[in-house]
Amino acid sequence: MRPVVYSSEQVQAWEQHWFVAGNSSYGLMQQAAWQMTQHIQRFIAQCNEKLKRAPDFSNSQLNQPIILRQYGFGVGSDFGIGVWCGAGNNGGDGWLIAAYLKQAGFNAWVFEVAAPQTTDAKLAKQYAQETGINIYQQFNALPHSQLSIDAMFGIGVSRQVSGHFHTAIEQFNQGISHKIAIDIPSGLHPDTGAVLGAACVVDFTLTVIAYKAGLFTGQGKAYAGQVQLIELIPPYDHIPSLATLDLHAPILAKRKATGHKGSYGHVLIIGGDENMGGASIMSAQAALAVGAGKVTLLTHQQHHSAALTRCPNMMTLSMPYIEQISPEFASQVVQGIDCIVIGMGLGRHAWGSAVWQAFLPVLKSSSEIKTVVVDADALWHLANEPLMDTKQHAHWYLTPHSGEAARLLGCDVQTIEQDRIAAIYQVYEKFGGHILLKGAGSLSLDAQGLSICALGNAGMATAGMGDILAGMAGGLLAQLPDLAMHEIVALHAAAGDLLAQDGERGLEATAMLNMIKQVVN
């Protein structure tokens, strides 16, 4: 069963239900802080284990703080753990964590970004003072720390961070220490992952009660680091979740021993204008890599030699001259096809437009084609179409990135990125079908609900990755027409993570093919 994600409002309602039932809010704070302290101690132990295995830098030009930043905490009390506490209950968690770390023998201190305002936070500060915690209130007075803990803001922040708090976040980010956030990095919107003027960048986030959407999409992945959930209280079934979370790729059903190539679907890849052949060829290769029985590439005739040289087990068809591209030609070509993938390298000029218009009646007809993947330049042409009945798109899989989604909705990219979840719902309401909004923390939406992909890495931000994903989608849907979009996305992201095991720089989309074979098996 996949984990679920909640909005900040849902989490707050969940907490209130717990308190109305007679449970202590301060007791919950103590429990949360205690469990987070255990995770922090494990984090320190892991860093020190890396230190033991680190190379000898005794003759290195690197300075000592950088060595410590990269390889661990060292020993002794020369380096402290600084907890940056705000005014609310997130700050209260921080005060208690500092106290528990000091009681465990660590040199922990608190930077009081703001004085406690809630009853529980005041109690937490009092307890920390009783343990002898050193408290600082000026940036220039802070001692050096190897670990900085962000407990400034919790999930209640939804407006721009400014003034003293903005400065505090900037100062926090400038330190060379390891960094941990309590619940969510301060300044990151808990629901959208948007940065509210400034946000803490951390290695590790200890989030309590439930996963928050902002940790996994928008800019959240760049700020939250590794995320660990601390559940604390029992689920409250009356609060629906916001989305489901993909932390692992799905396991596909094994093939039947009696199957043949006709059992595993026939994919038609359409794309590749005169000078844009690579995208559609990569898509065709990806469709074969996931196990499609047959793949036909319908492209400009000048790409056939390259396609068959790269992959002789695909079939090729030539697109006729522009004046001969017609709905009749399209209807003839799609006979016996299970899934169409259209758009990669299609182009936005006369040829691409003619292909789009010729195939559009076929794409709408679910009686002729089981599934349709609309990608890249096909999305550009789709944005030019008058609004269509969403029922015509029930078998469509739209795969826009932020720029393409902005064009589909008639807005700018910044609007999309400020609230990616709102954006994908708007695309779904306009077009129906199955929607993927690509990017860090890709979102998938269909009639079954919203999913967030927690897999994938920054190395996948390279030319051709989207073409590979489109081909994977076509090849999988030809075999398994009921497969959900989020499952396809998770397989693609998992392949990317395998590819990035030796580093994220320099990944090439074509290198995904061998990784795809591993994840689908």
# chains A, B, ... in the order shown; residues from 1 in each chain; ligands from 1
call {"tool": "residues_around", "arguments": {"residues": "A:Thr309", "least_positions_apart": "6", "cutoff": "12 Å", "atoms": "only C-alpha atoms", "output": "number ranges by chain"}}
result
A: 281, 285, 303, 315-316
call {"tool": "select_by_dssp", "arguments": {"residues": "stretch 362-412 of chain A", "states": "alpha helix (DSSP H)", "output": "ChimeraX atom specification"}}
result
/A:362-364,377-382,402-409
call {"tool": "residues_around", "arguments": {"residues": "A:Gln171", "least_positions_apart": "5", "cutoff": "10 Å", "atoms": "only C-alpha atoms", "output": "number ranges by chain"}}
result
A: 139, 165-166, 200
call {"tool": "write_last_selection", "arguments": {"atoms": "C-alpha atoms", "output": "mmCIF file, in the first residue's frame"}}
result
data_model
loop_
_atom_site.group_PDB
_atom_site.id
_atom_site.type_symbol
_atom_site.label_atom_id
_atom_site.label_comp_id
_atom_site.auth_asym_id
_atom_site.auth_seq_id
_atom_site.Cartn_x
_atom_site.Cartn_y
_atom_site.Cartn_z
ATOM 1 C CA PHE A 139 23.934 36.152 14.603
ATOM 2 C CA PHE A 165 13.156 35.973 9.629
ATOM 3 C CA HIS A 166 14.346 36.306 6.020
ATOM 4 C CA CYS A 200 16.127 26.678 4.486
#
call {"tool": "select_by_dssp", "arguments": {"residues": "stretch 237-301 of chain A", "states": "strand (DSSP E)", "output": "JSON, numbers by chain"}}
result
{"A": [243, 244, 245, 246, 266, 267, 268, 269, 270, 294, 295, 296, 297, 298, 299]}
call {"tool": "residues_around", "arguments": {"residues": "A:Tyr428", "least_positions_apart": "6", "cutoff": "8 Å", "atoms": "only C-alpha atoms", "output": "ChimeraX atom specification"}}
result
/A:434-435,445-446
call {"tool": "residues_around", "arguments": {"residues": "stretch 360-366 of chain A", "least_positions_apart": "2", "cutoff": "7 Å", "atoms": "only C-alpha atoms", "output": "ChimeraX atom specification"}}
result
/A:331,356-358,368-370,372,392-393,395
call {"tool": "residues_around", "arguments": {"residues": "stretch 116-118 of chain A", "least_positions_apart": "3", "cutoff": "7 Å", "atoms": "only C-alpha atoms", "output": "PDB file with N, CA and C atoms, in the first residue's frame"}}
result
ATOM      1  N   GLY A  86      12.000  29.171  16.384  1.00  0.00           N
ATOM      2  CA  GLY A  86      11.057  30.246  16.142  1.00  0.00           C
ATOM      3  C   GLY A  86      10.051  30.372  17.266  1.00  0.00           C
ATOM      4  N   ALA A  87       8.974  31.134  17.005  1.00  0.00           N
ATOM      5  CA  ALA A  87       8.034  31.496  18.067  1.00  0.00           C
ATOM      6  C   ALA A  87       6.953  30.463  18.321  1.00  0.00           C
ATOM      7  N   GLY A  88       6.673  29.619  17.348  1.00  0.00           N
ATOM      8  CA  GLY A  88       5.543  28.708  17.470  1.00  0.00           C
ATOM      9  C   GLY A  88       5.921  27.341  18.004  1.00  0.00           C
ATOM     10  N   ASN A  89       5.027  26.384  17.775  1.00  0.00           N
ATOM     11  CA  ASN A  89       5.255  25.037  18.301  1.00  0.00           C
ATOM     12  C   ASN A  89       6.387  24.316  17.585  1.00  0.00           C
ATOM     13  N   ALA A 121       5.332  26.048  23.562  1.00  0.00           N
ATOM     14  CA  ALA A 121       6.693  26.481  23.235  1.00  0.00           C
ATOM     15  C   ALA A 121       7.364  27.122  24.447  1.00  0.00           C
ATOM     16  N   LYS A 122       6.597  27.866  25.240  1.00  0.00           N
ATOM     17  CA  LYS A 122       7.153  28.473  26.462  1.00  0.00           C
ATOM     18  C   LYS A 122       7.560  27.405  27.457  1.00  0.00           C
TER      19      LYS A 122
END
call {"tool": "closest_residue", "arguments": {"among": "A:Thr37, A:Ser8, A:Ser25, A:Gln301", "to": "A:Ile233", "atoms": "only C-alpha atoms"}}
result
A:Ser25
call {"tool": "atom_distance", "arguments": {"atom1": "atom CA of A:Ser326", "atom2": "atom CA of A:Leu268"}}
result
16.8 Å
call {"tool": "atom_distance", "arguments": {"atom1": "atom CA of A:Gly272", "atom2": "atom CA of A:Cys411"}}
result
27.6 Å
call {"tool": "closest_residue", "arguments": {"among": "A:Gln332, A:Gln35, A:Ser444, A:Thr415", "to": "A:Glu231", "atoms": "only C-alpha atoms"}}
result
A:Gln35
call {"tool": "residues_around", "arguments": {"residues": "A:Ala493", "least_positions_apart": "5", "cutoff": "8 Å", "atoms": "only C-alpha atoms", "output": "PyMOL selection string"}}
result
chain A and resi 455-457
call {"tool": "closest_residue", "arguments": {"among": "A:Ala128, A:Met314, A:Met344, A:Ala104", "to": "A:Gly293", "atoms": "only C-alpha atoms"}}
result
A:Met314
call {"tool": "atom_distance", "arguments": {"atom1": "atom CA of A:His17", "atom2": "atom CA of A:Val4"}}
result
18.7 Å
call {"tool": "closest_residue", "arguments": {"among": "A:Val373, A:Ala440, A:Ala509, A:Ala257", "to": "A:Cys453", "atoms": "only C-alpha atoms"}}
result
A:Ala440
call {"tool": "closest_residue", "arguments": {"among": "A:Ile209, A:Ala447, A:Cys85, A:Met388", "to": "A:Glu15", "atoms": "only C-alpha atoms"}}
result
A:Ile209
call {"tool": "closest_residue", "arguments": {"among": "A:Gly187, A:Gly175, A:Gly92, A:Gly343", "to": "A:Gly156", "atoms": "only C-alpha atoms"}}
result
A:Gly187
